[in-house]
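Asker: One structure, as structure tokens, below. Some questions next.
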Amino acid sequence: MSDNIIEIRNVTKTYGAKDAVKNASLNIKRGEFVTLLGPSGCGKTTTLRMIAGFEMPTSGQIIFDGEDITTLPPHLRRVNTVFQKYALFPHLNVFNNIAFGLKMKLIPNGTKRNRKGEEVQLYRKYTKAEIKAKVDAALKMVDLEDYGHRGVSSLSGGQQQRVAIARAIVNEPEVLLLDEPLGALDLKMRKDMQLELMDMHRRLGITFVYVTHDQEEALTMSDKIVVMRDGVIQQIATPEMVYDEPANAFVADFIGESNILSGVMLEDCKVEFADTVFECVDKGFKRNEPIDVIIRPEDLKIKSAEDPMTILTAKVVSSVFKGDHYQVTLMAGENELIAHDTATYEEGSTVGLYIKPFDLHIMHKSRIINEIDTEMADENVVWISDGKFECNCPFEAGTPVKVQVDFDDVEITDDEEDGIIGATVVSSIYKGSYYQCIVRTDDYYDFFVDTDDDWLKGDRVGIRIAPEKIIVERREVADEGAPAETPAAVPDQTLDESERAAANAADAPENTDTASEKADDATGEVEK
Amino acid sequence: MTSAAATLQKPKRRFKLTKRVFSYPYVLFMLLFVVIPLVMILVNAFLDADNNLTLSNFADFFTDKSSLIILANSLLVGVITTAICLIIGYPLAYILSKMPSGRVLVLFYVLPMWVNFLIRTLATKAIFIAIDVPLGMGTVIFGMVYNYLPFMILPLHTTLSSIDRSYIEAAQDLGADSSTVFLKTVLPLSVSGIISGITMVFIPTISTFAISQLLSNGKIFLFGDSIQMKFEQGLYGVGSIMSLVMLAFVLISNFIINRASRKSGLSIGRSLW
């Protein structure tokens with residue numbers, strides 16, 4: 001444990017009714033380059049700000065070098081931050097910006113005995129000459145030797161970025177926090193700075209915690225990537241692991257391009273999707289378990305249709321030149337697949353496809369049916385979230401029930417008014433022949449919905465379910481004396497499986513759910 | 001060739017509703033109410049009672065000791081008022097800028113400005129008399145501060161509340177406790193607000209009239225009052241000279257203030273000037 005410089009333990013941060021970070025646990029080793037990666041609003045910046053001390057966790061602990069720093073104010077923490085928009089002081093020149101922290105710092109200066117004979121640590125400030133030497137060294141480190149006297153507003157974006165880095169590292173922090181530091185730079189500059197930051201990380205030997213939404217940046221620079229979504233840690237793993245063995249469909253979709261298809265695991269090392277049986281290397285699934293298959297476009301090999309290795313034939317829909325490869329869109333039966341190939345193929349031609357067993361990544365479905373614990377509102381009417389849904393079920397009002405609805409059977413309506421309840425589209429992932437959307441009701445139940453249309457993330461929609469599609473079962477309430485569950489209590493119990501698993505990952509490393517072993521430092525491969 | 005060019009050009013000559021057209025009413029207004037009066041003052045300054053060209057007005061003013069004492073007094077009152085406004089206004093504006101409802105609360109401080117300043121001053125005077133406070137320098141300065149405090153608070157509040165939180169966080173991150181954060185970031189970053197506050201208080205106070213007369217029962221006579229009196233007495237020449245002296249002081253203080261603001265690091269935050 002002692003080689004962890006930072007331990008985040010079950011940290012939750014709530015703003016009003018919204019959880020920005022939900023029960024996140026994360027260990028950062030000394031000297032590591034850790035990247036928090038996720039789309040905007042996923043809680044990565046909030047997590048960083050809690051480490052820096054600008055935000056207090058609503059619950060949970062942050063341990064720094066064995067010490068609980070959860071409530072320590074930022075100026076007493078041994079971390080420094082490179083801010084997203086640099087936040088260089090406009091009233092100071094480059095030299096004074098960098099010297100800002102040094103001028104306040106107290107350094108040990110021997111000890112003396114006080115009147116009681118106790119030893120007292122003495123402190124002093126840096127001398128002018130020491131400050132100058134340190135600032136000059138920092139300027140040299142970021143290649144801005146002659147810029148000390150310049151005003152910060154006269155510098156270009158890249159130069160300001162370097163000053164911001166120099167201002168942070170000159171204080172010799174044990175951890176450097178970087179909040180999307182390259183976001184404002186152009187592509188070329190960003191690539192250069194990535195390399196420089198990696199080089200700096202190696203030379204300084206300190207811990208870097210880096211926040212970005214750019215998956216390529218994360219894959220390039222990090223020792224460890226923490227993928228976040230909606231405040232929940234999805235996967236903690238090395239860049240290779242995150243890319244090759246994504247914990248779930250979200251990670252696969254977010255990191256790089258991928259084909260995500262629904263399939264069935266027939267038996268160990270045998271999977272069926274796109275109406276074809278494939279060999280794979282995954283074991284330990286239930287027989288005929290519905291699963292998601294992920295295939296990276298570069299792993300999809302295009303052969304001629306007659307080639308003996310061909311497993312599946314497909315029609316070429318389009319072939320687009322992308323610089324170092326062609327992006328070939330293929331139609332295999334109902335399923336759309338994307339492949340990267342060095343050659344181009346004629347539109348409309350039939351080709352054969354081959355995938356190495358090792359390149360098929362198989363994941364448990366995070367959910368196979370929408371399941372909600374609720375109660376009857378009336379005979380033939382059931383509560384789902386805040387709405388009364390008609391169903392074919394004669395239980396009397398107030399009976400605790402379990403409701404199941406297939407992904408196919410949830411109907412999304414464009415107009416919120418057309419649905420029985422309103423909801424917000426949280427995500428939409430293409431699965432070859434259909435989109436799997438997650439729509440969140442106002443009381444935070446996530447419906448998984450399979451639709452033909454791509455719904456825009458963040459849109460308000462209505463939810464409708466045909467009465468005959470709602471499967472209602474009487475639910476045994478464990479505690480006889482307990483009052484019947486109210487609809488308001490529903491979301492807690494029906495938290496998405498994978499989210500709950502990921503959130504509990506640190507507590508329950510023995511949990512065999514897909515997401516959890518990833519959180520346990522990236523090495524477990526339970527599916528295999 | 002030339003005729004062809006001429007015909008091509010012709011349509012351009014027609015009246016077009018460009019942006020510039022919208023400025024004409026303002027230009028006219030400026031001419032009528034700013035430029036012409038200024039010119040008239042300038043002309044008056046060089047005319048004697050019989051409209052002859054003369055420089056005697058200058059001599060009259062600069063040799064009259066009492067006028068110069070009044071000028072010095074006015075500057076002193078201006079400096080004291082500005083200092084008090086700054087001392088009261090800065091902490092207030094700072095606290096208000098930190099409060100989520102600050103914007104509304106600022107309105108309460110500005111609210112008295114909606115009442116005519118003569119009425120306010122007369123009311124203040126009535127209160128002073130009622131509670132037996134002797135009218136004099138103290139009451140004059142009180143009246144000045146009371147009248148001009150909002151002009152200090154407004155620009156300060158605007159500047160302070162527009163300081164990016166990230167500067168404060170950056171200072172904290174680099175090891176500054178809350179008092180250092182204030183001294184090393186908030187204060188320097190609000191210099192532009194301080195400067196516009198000073199400008200907006202100092203310049204009106206040195207030229208104000210009526211407040212001093214009313215709140216000192218006519219005992220304290222400031223420059224604005226004496227200009228008013230000169231014109232009342234029909235001494236247009238001397239009055240004009242005094243107006244020009246006033247104008248010169250306004251320009252000089254503006255110049256000094258601008259210099260100071262440029263030196264302090266230019267356009268930090270927003271300011272009203």
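Simple scheme: letters A, B, ... for chains in structure tokens order, numbers from 1 for residues in each chain, numbers from 1 for ligands in the order shown.
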Which polymer residues have any atom within 12 Å of an atom of region 186-200 of chain A, counting only C-alpha atoms, with same-chain residues fewer than 4 positions away left out, as a ChimeraX atom specification?
Answerer: /A:31-34,82,138,140-143,156-159,161-162,165-166,169,176,178,180-182,204-210,212,214,216-223
Asker: Applying 8 Å and only C-alpha atoms, which residues near Leu215 (chain B) remain after dropping the ones on its own chain fewer than 5 positions away? List them as JSON, numbers by chain.
Answerer: {"B": [121, 122, 124, 125, 135, 136, 139, 140, 143]}
Asker: So which residues touch Ile368 (chain A) within 9 Å, counting only C-alpha atoms, skipping near sequence neighbours fewer than 3 positions away, as a PyMOL selection string?
Answerer: chain A and resi 290-291+365+406-407+448
Asker: Compute the set of chain B residues within 7 Å of chain A, using only C-alpha atoms, and express it as JSON, numbers by chain.
Answerer: {"B": [166, 167, 170, 172, 173, 174, 175, 176, 177, 188, 189, 265]}
Asker: Output the selection as a PDB file, in the first residue's frame - all heavy atoms for each residue.
Answerer:
```
ATOM      1  N   SER B 166     -10.305  31.120 -11.438  1.00  0.00           N
ATOM      2  CA  SER B 166      -9.136  30.263 -11.609  1.00  0.00           C
ATOM      3  C   SER B 166      -7.857  30.953 -11.130  1.00  0.00           C
ATOM      4  O   SER B 166      -6.924  30.283 -10.703  1.00  0.00           O
ATOM      5  CB  SER B 166      -9.001  29.816 -13.062  1.00  0.00           C
ATOM      6  OG  SER B 166      -8.698  30.916 -13.874  1.00  0.00           O
ATOM      7  N   TYR B 167      -7.799  32.296 -11.153  1.00  0.00           N
ATOM      8  CA  TYR B 167      -6.613  32.983 -10.635  1.00  0.00           C
ATOM      9  C   TYR B 167      -6.482  32.745  -9.141  1.00  0.00           C
ATOM     10  O   TYR B 167      -5.395  32.538  -8.612  1.00  0.00           O
ATOM     11  CB  TYR B 167      -6.696  34.496 -10.894  1.00  0.00           C
ATOM     12  CG  TYR B 167      -6.662  34.869 -12.351  1.00  0.00           C
ATOM     13  CD1 TYR B 167      -7.570  35.764 -12.887  1.00  0.00           C
ATOM     14  CD2 TYR B 167      -5.706  34.324 -13.198  1.00  0.00           C
ATOM     15  CE1 TYR B 167      -7.549  36.105 -14.220  1.00  0.00           C
ATOM     16  CE2 TYR B 167      -5.667  34.662 -14.533  1.00  0.00           C
ATOM     17  CZ  TYR B 167      -6.593  35.555 -15.044  1.00  0.00           C
ATOM     18  OH  TYR B 167      -6.560  35.889 -16.356  1.00  0.00           O
ATOM     19  N   ALA B 170      -5.456  29.244  -8.641  1.00  0.00           N
ATOM     20  CA  ALA B 170      -4.049  29.067  -8.982  1.00  0.00           C
ATOM     21  C   ALA B 170      -3.177  29.542  -7.829  1.00  0.00           C
ATOM     22  O   ALA B 170      -2.194  28.891  -7.474  1.00  0.00           O
ATOM     23  CB  ALA B 170      -3.713  29.828 -10.256  1.00  0.00           C
ATOM     24  N   GLN B 172      -4.015  29.714  -4.642  1.00  0.00           N
ATOM     25  CA  GLN B 172      -4.143  28.746  -3.543  1.00  0.00           C
ATOM     26  C   GLN B 172      -3.300  27.519  -3.822  1.00  0.00           C
ATOM     27  O   GLN B 172      -2.610  26.995  -2.960  1.00  0.00           O
ATOM     28  CB  GLN B 172      -5.606  28.296  -3.402  1.00  0.00           C
ATOM     29  CG  GLN B 172      -6.512  29.360  -2.836  1.00  0.00           C
ATOM     30  CD  GLN B 172      -7.954  28.876  -2.833  1.00  0.00           C
ATOM     31  OE1 GLN B 172      -8.372  28.103  -3.698  1.00  0.00           O
ATOM     32  NE2 GLN B 172      -8.721  29.322  -1.866  1.00  0.00           N
ATOM     33  N   ASP B 173      -3.371  27.084  -5.066  1.00  0.00           N
ATOM     34  CA  ASP B 173      -2.645  25.889  -5.482  1.00  0.00           C
ATOM     35  C   ASP B 173      -1.142  26.064  -5.273  1.00  0.00           C
ATOM     36  O   ASP B 173      -0.433  25.126  -4.965  1.00  0.00           O
ATOM     37  CB  ASP B 173      -2.946  25.634  -6.961  1.00  0.00           C
ATOM     38  CG  ASP B 173      -2.398  24.311  -7.425  1.00  0.00           C
ATOM     39  OD1 ASP B 173      -2.968  23.299  -7.008  1.00  0.00           O
ATOM     40  OD2 ASP B 173      -1.407  24.306  -8.171  1.00  0.00           O
ATOM     41  N   LEU B 174      -0.669  27.302  -5.465  1.00  0.00           N
ATOM     42  CA  LEU B 174       0.760  27.558  -5.340  1.00  0.00           C
ATOM     43  C   LEU B 174       1.151  27.853  -3.894  1.00  0.00           C
ATOM     44  O   LEU B 174       2.285  28.229  -3.626  1.00  0.00           O
ATOM     45  CB  LEU B 174       1.160  28.725  -6.238  1.00  0.00           C
ATOM     46  CG  LEU B 174       1.021  28.419  -7.731  1.00  0.00           C
ATOM     47  CD1 LEU B 174       1.088  29.672  -8.553  1.00  0.00           C
ATOM     48  CD2 LEU B 174       2.096  27.441  -8.175  1.00  0.00           C
ATOM     49  N   GLY B 175       0.198  27.703  -2.978  1.00  0.00           N
ATOM     50  CA  GLY B 175       0.560  27.775  -1.569  1.00  0.00           C
ATOM     51  C   GLY B 175       0.149  29.049  -0.856  1.00  0.00           C
ATOM     52  O   GLY B 175       0.638  29.326   0.228  1.00  0.00           O
ATOM     53  N   ALA B 176      -0.736  29.846  -1.463  1.00  0.00           N
ATOM     54  CA  ALA B 176      -1.129  31.095  -0.820  1.00  0.00           C
ATOM     55  C   ALA B 176      -2.324  30.860   0.103  1.00  0.00           C
ATOM     56  O   ALA B 176      -3.318  30.270  -0.321  1.00  0.00           O
ATOM     57  CB  ALA B 176      -1.489  32.133  -1.871  1.00  0.00           C
ATOM     58  N   ASP B 177      -2.214  31.343   1.360  1.00  0.00           N
ATOM     59  CA  ASP B 177      -3.388  31.283   2.228  1.00  0.00           C
ATOM     60  C   ASP B 177      -4.314  32.436   1.845  1.00  0.00           C
ATOM     61  O   ASP B 177      -3.997  33.237   0.965  1.00  0.00           O
ATOM     62  CB  ASP B 177      -3.003  31.311   3.707  1.00  0.00           C
ATOM     63  CG  ASP B 177      -2.152  32.515   4.044  1.00  0.00           C
ATOM     64  OD1 ASP B 177      -2.301  33.534   3.358  1.00  0.00           O
ATOM     65  OD2 ASP B 177      -1.338  32.440   4.977  1.00  0.00           O
ATOM     66  N   PRO B 188      -4.219  43.245  -6.808  1.00  0.00           N
ATOM     67  CA  PRO B 188      -3.641  43.731  -8.074  1.00  0.00           C
ATOM     68  C   PRO B 188      -4.591  43.593  -9.259  1.00  0.00           C
ATOM     69  O   PRO B 188      -4.580  44.428 -10.163  1.00  0.00           O
ATOM     70  CB  PRO B 188      -2.402  42.848  -8.286  1.00  0.00           C
ATOM     71  CG  PRO B 188      -2.235  42.022  -7.089  1.00  0.00           C
ATOM     72  CD  PRO B 188      -3.390  42.195  -6.187  1.00  0.00           C
ATOM     73  N   LEU B 189      -5.420  42.543  -9.233  1.00  0.00           N
ATOM     74  CA  LEU B 189      -6.318  42.339 -10.371  1.00  0.00           C
ATOM     75  C   LEU B 189      -7.487  43.322 -10.357  1.00  0.00           C
ATOM     76  O   LEU B 189      -8.170  43.484 -11.358  1.00  0.00           O
ATOM     77  CB  LEU B 189      -6.849  40.901 -10.376  1.00  0.00           C
ATOM     78  CG  LEU B 189      -5.849  39.828 -10.781  1.00  0.00           C
ATOM     79  CD1 LEU B 189      -6.448  38.450 -10.586  1.00  0.00           C
ATOM     80  CD2 LEU B 189      -5.413  40.002 -12.224  1.00  0.00           C
ATOM     81  N   GLY B 265      -0.771  47.312 -15.388  1.00  0.00           N
ATOM     82  CA  GLY B 265      -1.015  46.068 -16.106  1.00  0.00           C
ATOM     83  C   GLY B 265      -2.303  46.078 -16.892  1.00  0.00           C
ATOM     84  O   GLY B 265      -2.966  45.076 -17.004  1.00  0.00           O
TER      85      GLY B 265
END
```
Asker: Measuring between only C-alpha atoms, which one of B:Thr185, B:Ser56, B:Ser253, B:Gln233 shows the shortest distance to Ile206 (chain B)?
Answerer: B:Ser253
Asker: For region 110-115 of chain B, work out the shell of residues within 12 Å, counting only C-alpha atoms and skipping chain neighbours fewer than 4 positions away, then give it as a list in words.
Answerer: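 Listed by chain and then number, they are Arg103, Val104, Leu105, Val106, Ile119, Arg120, Thr121, Leu122, Ala123, Tyr146, Asn147, Tyr148, Leu149, Pro150, Phe151, Met152, Ile153, Leu154, Pro155 and His157 of chain B.
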Asker: Using the selection just defined, write its residues with N, CA and C atoms as a PDB file, in the first residue's frame.
Answerer:
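Contents of out-v3.pdb, freshly written:
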```
ATOM      1  N   ARG B 103     -25.372  40.946  -6.718  1.00  0.00           N
ATOM      2  CA  ARG B 103     -25.853  41.855  -7.734  1.00  0.00           C
ATOM      3  C   ARG B 103     -27.104  42.626  -7.274  1.00  0.00           C
ATOM      4  N   VAL B 104     -27.976  41.885  -6.592  1.00  0.00           N
ATOM      5  CA  VAL B 104     -29.200  42.515  -6.104  1.00  0.00           C
ATOM      6  C   VAL B 104     -28.861  43.490  -4.986  1.00  0.00           C
ATOM      7  N   LEU B 105     -27.949  43.082  -4.100  1.00  0.00           N
ATOM      8  CA  LEU B 105     -27.603  43.927  -2.965  1.00  0.00           C
ATOM      9  C   LEU B 105     -26.930  45.220  -3.410  1.00  0.00           C
ATOM     10  N   VAL B 106     -26.142  45.134  -4.486  1.00  0.00           N
ATOM     11  CA  VAL B 106     -25.498  46.333  -5.009  1.00  0.00           C
ATOM     12  C   VAL B 106     -26.566  47.357  -5.372  1.00  0.00           C
ATOM     13  N   ILE B 119     -32.457  66.919  -2.888  1.00  0.00           N
ATOM     14  CA  ILE B 119     -33.429  66.492  -1.879  1.00  0.00           C
ATOM     15  C   ILE B 119     -32.734  65.664  -0.811  1.00  0.00           C
ATOM     16  N   ARG B 120     -31.837  64.767  -1.273  1.00  0.00           N
ATOM     17  CA  ARG B 120     -31.109  63.922  -0.322  1.00  0.00           C
ATOM     18  C   ARG B 120     -30.262  64.793   0.604  1.00  0.00           C
ATOM     19  N   THR B 121     -29.588  65.782  -0.006  1.00  0.00           N
ATOM     20  CA  THR B 121     -28.694  66.623   0.789  1.00  0.00           C
ATOM     21  C   THR B 121     -29.486  67.458   1.792  1.00  0.00           C
ATOM     22  N   LEU B 122     -30.619  67.990   1.350  1.00  0.00           N
ATOM     23  CA  LEU B 122     -31.452  68.759   2.270  1.00  0.00           C
ATOM     24  C   LEU B 122     -31.940  67.877   3.418  1.00  0.00           C
ATOM     25  N   ALA B 123     -32.303  66.641   3.090  1.00  0.00           N
ATOM     26  CA  ALA B 123     -32.766  65.716   4.122  1.00  0.00           C
ATOM     27  C   ALA B 123     -31.641  65.417   5.110  1.00  0.00           C
ATOM     28  N   TYR B 146     -21.577  60.222   1.130  1.00  0.00           N
ATOM     29  CA  TYR B 146     -22.911  59.653   0.970  1.00  0.00           C
ATOM     30  C   TYR B 146     -23.359  59.719  -0.492  1.00  0.00           C
ATOM     31  N   ASN B 147     -23.074  60.851  -1.125  1.00  0.00           N
ATOM     32  CA  ASN B 147     -23.506  61.025  -2.505  1.00  0.00           C
ATOM     33  C   ASN B 147     -22.681  60.230  -3.516  1.00  0.00           C
ATOM     34  N   TYR B 148     -21.385  60.095  -3.235  1.00  0.00           N
ATOM     35  CA  TYR B 148     -20.523  59.512  -4.263  1.00  0.00           C
ATOM     36  C   TYR B 148     -20.113  58.069  -4.013  1.00  0.00           C
ATOM     37  N   LEU B 149     -20.487  57.523  -2.834  1.00  0.00           N
ATOM     38  CA  LEU B 149     -20.122  56.135  -2.546  1.00  0.00           C
ATOM     39  C   LEU B 149     -20.581  55.143  -3.635  1.00  0.00           C
ATOM     40  N   PRO B 150     -21.818  55.256  -4.143  1.00  0.00           N
ATOM     41  CA  PRO B 150     -22.238  54.305  -5.176  1.00  0.00           C
ATOM     42  C   PRO B 150     -21.325  54.306  -6.394  1.00  0.00           C
ATOM     43  N   PHE B 151     -20.752  55.482  -6.707  1.00  0.00           N
ATOM     44  CA  PHE B 151     -19.875  55.555  -7.878  1.00  0.00           C
ATOM     45  C   PHE B 151     -18.561  54.822  -7.632  1.00  0.00           C
ATOM     46  N   MET B 152     -18.224  54.621  -6.361  1.00  0.00           N
ATOM     47  CA  MET B 152     -17.044  53.827  -6.034  1.00  0.00           C
ATOM     48  C   MET B 152     -17.391  52.344  -6.048  1.00  0.00           C
ATOM     49  N   ILE B 153     -18.561  52.012  -5.454  1.00  0.00           N
ATOM     50  CA  ILE B 153     -18.923  50.602  -5.313  1.00  0.00           C
ATOM     51  C   ILE B 153     -19.170  49.945  -6.673  1.00  0.00           C
ATOM     52  N   LEU B 154     -19.853  50.658  -7.549  1.00  0.00           N
ATOM     53  CA  LEU B 154     -20.228  50.040  -8.826  1.00  0.00           C
ATOM     54  C   LEU B 154     -19.042  49.534  -9.633  1.00  0.00           C
ATOM     55  N   PRO B 155     -18.055  50.399  -9.970  1.00  0.00           N
ATOM     56  CA  PRO B 155     -16.939  49.866 -10.761  1.00  0.00           C
ATOM     57  C   PRO B 155     -16.132  48.818 -10.004  1.00  0.00           C
ATOM     58  N   HIS B 157     -17.267  46.684  -7.775  1.00  0.00           N
ATOM     59  CA  HIS B 157     -18.014  45.423  -7.791  1.00  0.00           C
ATOM     60  C   HIS B 157     -17.915  44.754  -9.153  1.00  0.00           C
TER      61      HIS B 157
END
```
Asker: Neighbours of Thr310 (chain A) within 7 Å (only C-alpha atoms; same-chain residues fewer than 3 positions away dropped), as a PyMOL selection string?
Answerer: chain A and resi 303+305+307+352-354
Asker: Based on the selection just made, write C-alpha atoms of those residues as a PDB file, in the first residue's frame.
Answerer:
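Listed below is the output, again04.pdb:
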```
ATOM      1  CA  LYS A 303     -10.019 -11.613 -47.951  1.00  0.00           C
ATOM      2  CA  ALA A 305     -14.773 -14.497 -50.890  1.00  0.00           C
ATOM      3  CA  ASP A 307     -10.274 -17.626 -49.672  1.00  0.00           C
ATOM      4  CA  GLY A 352     -14.721 -12.601 -47.299  1.00  0.00           C
ATOM      5  CA  LEU A 353     -13.953 -11.667 -43.717  1.00  0.00           C
ATOM      6  CA  TYR A 354     -11.600 -13.298 -41.294  1.00  0.00           C
TER       7      TYR A 354
END
```
Asker: For Asp359 (chain A), work out the shell of residues within 10 Å, counting only C-alpha atoms and skipping chain neighbours fewer than 3 positions away, then give it as a list in words.
Answerer: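 The contact residues come out as Asp244, Glu245, Cys280, Val281, Ile294, Ile295, Arg296, Glu298, Asp299, Leu300, Ile355, Lys356 and Ile362 of chain A.
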Asker: Could you save the residues just selected, with all heavy atoms, as a compact mmCIF listing (two decimals), in the first residue's frame?
Answerer:
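Generated output (out-v6.txt):
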```txt
# COMPACT_ATOMS: atom_id res chain seq x y z
N ASP A 244 -7.53 -3.14 -25.83
CA ASP A 244 -7.76 -4.52 -26.28
C ASP A 244 -8.85 -5.23 -25.51
O ASP A 244 -9.49 -6.12 -26.04
CB ASP A 244 -6.46 -5.32 -26.15
CG ASP A 244 -5.41 -4.85 -27.16
OD1 ASP A 244 -5.83 -4.29 -28.19
OD2 ASP A 244 -4.22 -5.03 -26.90
N GLU A 245 -9.01 -4.88 -24.27
CA GLU A 245 -9.99 -5.58 -23.44
C GLU A 245 -10.90 -4.57 -22.74
O GLU A 245 -10.89 -4.46 -21.52
CB GLU A 245 -9.27 -6.44 -22.38
CG GLU A 245 -8.43 -7.57 -22.92
CD GLU A 245 -9.28 -8.68 -23.52
OE1 GLU A 245 -10.44 -8.82 -23.10
OE2 GLU A 245 -8.78 -9.38 -24.40
N CYS A 280 -13.35 -18.41 -30.63
CA CYS A 280 -12.76 -17.32 -29.87
C CYS A 280 -11.94 -17.92 -28.75
O CYS A 280 -11.77 -19.14 -28.69
CB CYS A 280 -13.84 -16.39 -29.34
SG CYS A 280 -14.97 -17.19 -28.19
N VAL A 281 -11.39 -17.10 -27.88
CA VAL A 281 -10.53 -17.62 -26.83
C VAL A 281 -11.15 -17.42 -25.45
O VAL A 281 -10.50 -17.64 -24.44
CB VAL A 281 -9.13 -16.96 -26.87
CG1 VAL A 281 -8.39 -17.37 -28.14
CG2 VAL A 281 -9.24 -15.45 -26.77
N ILE A 294 -16.87 -7.33 -29.46
CA ILE A 294 -16.22 -6.11 -29.94
C ILE A 294 -15.10 -6.49 -30.89
O ILE A 294 -14.26 -7.34 -30.57
CB ILE A 294 -15.68 -5.29 -28.77
CG1 ILE A 294 -16.86 -4.70 -28.02
CG2 ILE A 294 -14.76 -4.18 -29.25
CD1 ILE A 294 -16.53 -4.17 -26.69
N ILE A 295 -15.11 -5.88 -32.06
CA ILE A 295 -14.04 -6.13 -33.03
C ILE A 295 -13.48 -4.80 -33.46
O ILE A 295 -14.22 -3.93 -33.94
CB ILE A 295 -14.58 -6.88 -34.28
CG1 ILE A 295 -15.39 -8.11 -33.87
CG2 ILE A 295 -13.42 -7.28 -35.19
CD1 ILE A 295 -16.38 -8.55 -34.92
N ARG A 296 -12.19 -4.61 -33.27
CA ARG A 296 -11.55 -3.38 -33.74
C ARG A 296 -11.47 -3.41 -35.26
O ARG A 296 -11.19 -4.47 -35.84
CB ARG A 296 -10.14 -3.27 -33.15
CG ARG A 296 -10.10 -3.13 -31.65
CD ARG A 296 -10.58 -1.78 -31.22
NE ARG A 296 -10.61 -1.65 -29.76
CZ ARG A 296 -11.17 -0.63 -29.13
NH1 ARG A 296 -11.80 0.33 -29.81
NH2 ARG A 296 -11.15 -0.56 -27.83
N GLU A 298 -9.27 -2.61 -37.33
CA GLU A 298 -8.02 -3.11 -37.92
C GLU A 298 -7.87 -4.62 -37.75
O GLU A 298 -7.02 -5.24 -38.38
CB GLU A 298 -6.81 -2.37 -37.34
CG GLU A 298 -6.58 -2.53 -35.86
CD GLU A 298 -7.34 -1.50 -35.02
OE1 GLU A 298 -8.34 -0.94 -35.53
OE2 GLU A 298 -6.94 -1.26 -33.87
N ASP A 299 -8.70 -5.22 -36.91
CA ASP A 299 -8.63 -6.67 -36.71
C ASP A 299 -9.54 -7.43 -37.68
O ASP A 299 -9.49 -8.65 -37.75
CB ASP A 299 -9.04 -7.03 -35.27
CG ASP A 299 -8.03 -6.51 -34.26
OD1 ASP A 299 -6.86 -6.31 -34.66
OD2 ASP A 299 -8.40 -6.31 -33.09
N LEU A 300 -10.34 -6.69 -38.39
CA LEU A 300 -11.26 -7.31 -39.34
C LEU A 300 -10.51 -7.43 -40.66
O LEU A 300 -10.27 -6.44 -41.35
CB LEU A 300 -12.49 -6.41 -39.49
CG LEU A 300 -13.79 -7.01 -39.97
CD1 LEU A 300 -14.23 -8.16 -39.08
CD2 LEU A 300 -14.87 -5.93 -39.96
N ILE A 355 -11.48 -13.13 -38.89
CA ILE A 355 -11.08 -12.51 -37.62
C ILE A 355 -10.35 -13.58 -36.82
O ILE A 355 -10.84 -14.70 -36.68
CB ILE A 355 -12.32 -12.02 -36.82
CG1 ILE A 355 -13.21 -11.15 -37.69
CG2 ILE A 355 -11.86 -11.26 -35.59
CD1 ILE A 355 -14.65 -11.12 -37.24
N LYS A 356 -9.17 -13.21 -36.33
CA LYS A 356 -8.43 -14.15 -35.48
C LYS A 356 -9.22 -14.37 -34.19
O LYS A 356 -9.78 -13.41 -33.64
CB LYS A 356 -7.07 -13.56 -35.11
CG LYS A 356 -6.06 -13.64 -36.21
CD LYS A 356 -4.70 -13.22 -35.65
CE LYS A 356 -3.82 -12.70 -36.76
NZ LYS A 356 -2.92 -11.65 -36.29
N ILE A 362 -15.03 -10.47 -26.10
CA ILE A 362 -16.40 -10.81 -25.70
C ILE A 362 -16.67 -10.28 -24.31
O ILE A 362 -15.85 -10.42 -23.41
CB ILE A 362 -16.58 -12.34 -25.79
CG1 ILE A 362 -16.43 -12.70 -27.27
CG2 ILE A 362 -17.93 -12.75 -25.23
CD1 ILE A 362 -16.58 -14.12 -27.59
```
Asker: Just asking: which residues within region 83-112 of chain B are alpha helix (DSSP H) according to DSSP, as a PyMOL selection string?
Answerer: chain B and resi 83-98+102-110
Asker: Let me make sure I understand: among B:Ile241, B:Val27, B:Ile220, B:Ile252, which one has the smallest atom-to-atom distance to Ala59 (chain B) if we use only C-alpha atoms?
Answerer: B:Ile241
Asker: Excluding Thr14 (chain A) and residues on its chain fewer than 2 positions from it, collect all residues at most 10 Å away from it, counting only C-alpha atoms, and give them as a PyMOL selection string.
Answerer: chain A and resi 12+16-22+56-59+231
Asker: I'd like a table as a tab-separated table: residues in region 154-252 of chain B with an atom no more than 10 Å from region 94-102 of chain B, each row giving the shortest atom pair and its distance in Å to one decimal, only C-alpha atoms counted, sorted by chain and rising residue number.
Answerer:
```
residue	atom	partner	partner_atom	distance
B:Leu156	CA	B:Tyr94	CA	7.9
B:His157	CA	B:Ser97	CA	6.0
B:Thr158	CA	B:Ser97	CA	8.1
B:Thr159	CA	B:Ser97	CA	9.0
B:Leu160	CA	B:Ser97	CA	6.2
B:Ser161	CA	B:Ser97	CA	4.9
B:Ser162	CA	B:Ser97	CA	8.7
B:Ile163	CA	B:Ser97	CA	9.6
B:Val186	CA	B:Tyr94	CA	9.3
B:Leu187	CA	B:Tyr94	CA	9.9
B:Ser190	CA	B:Tyr94	CA	9.9
```
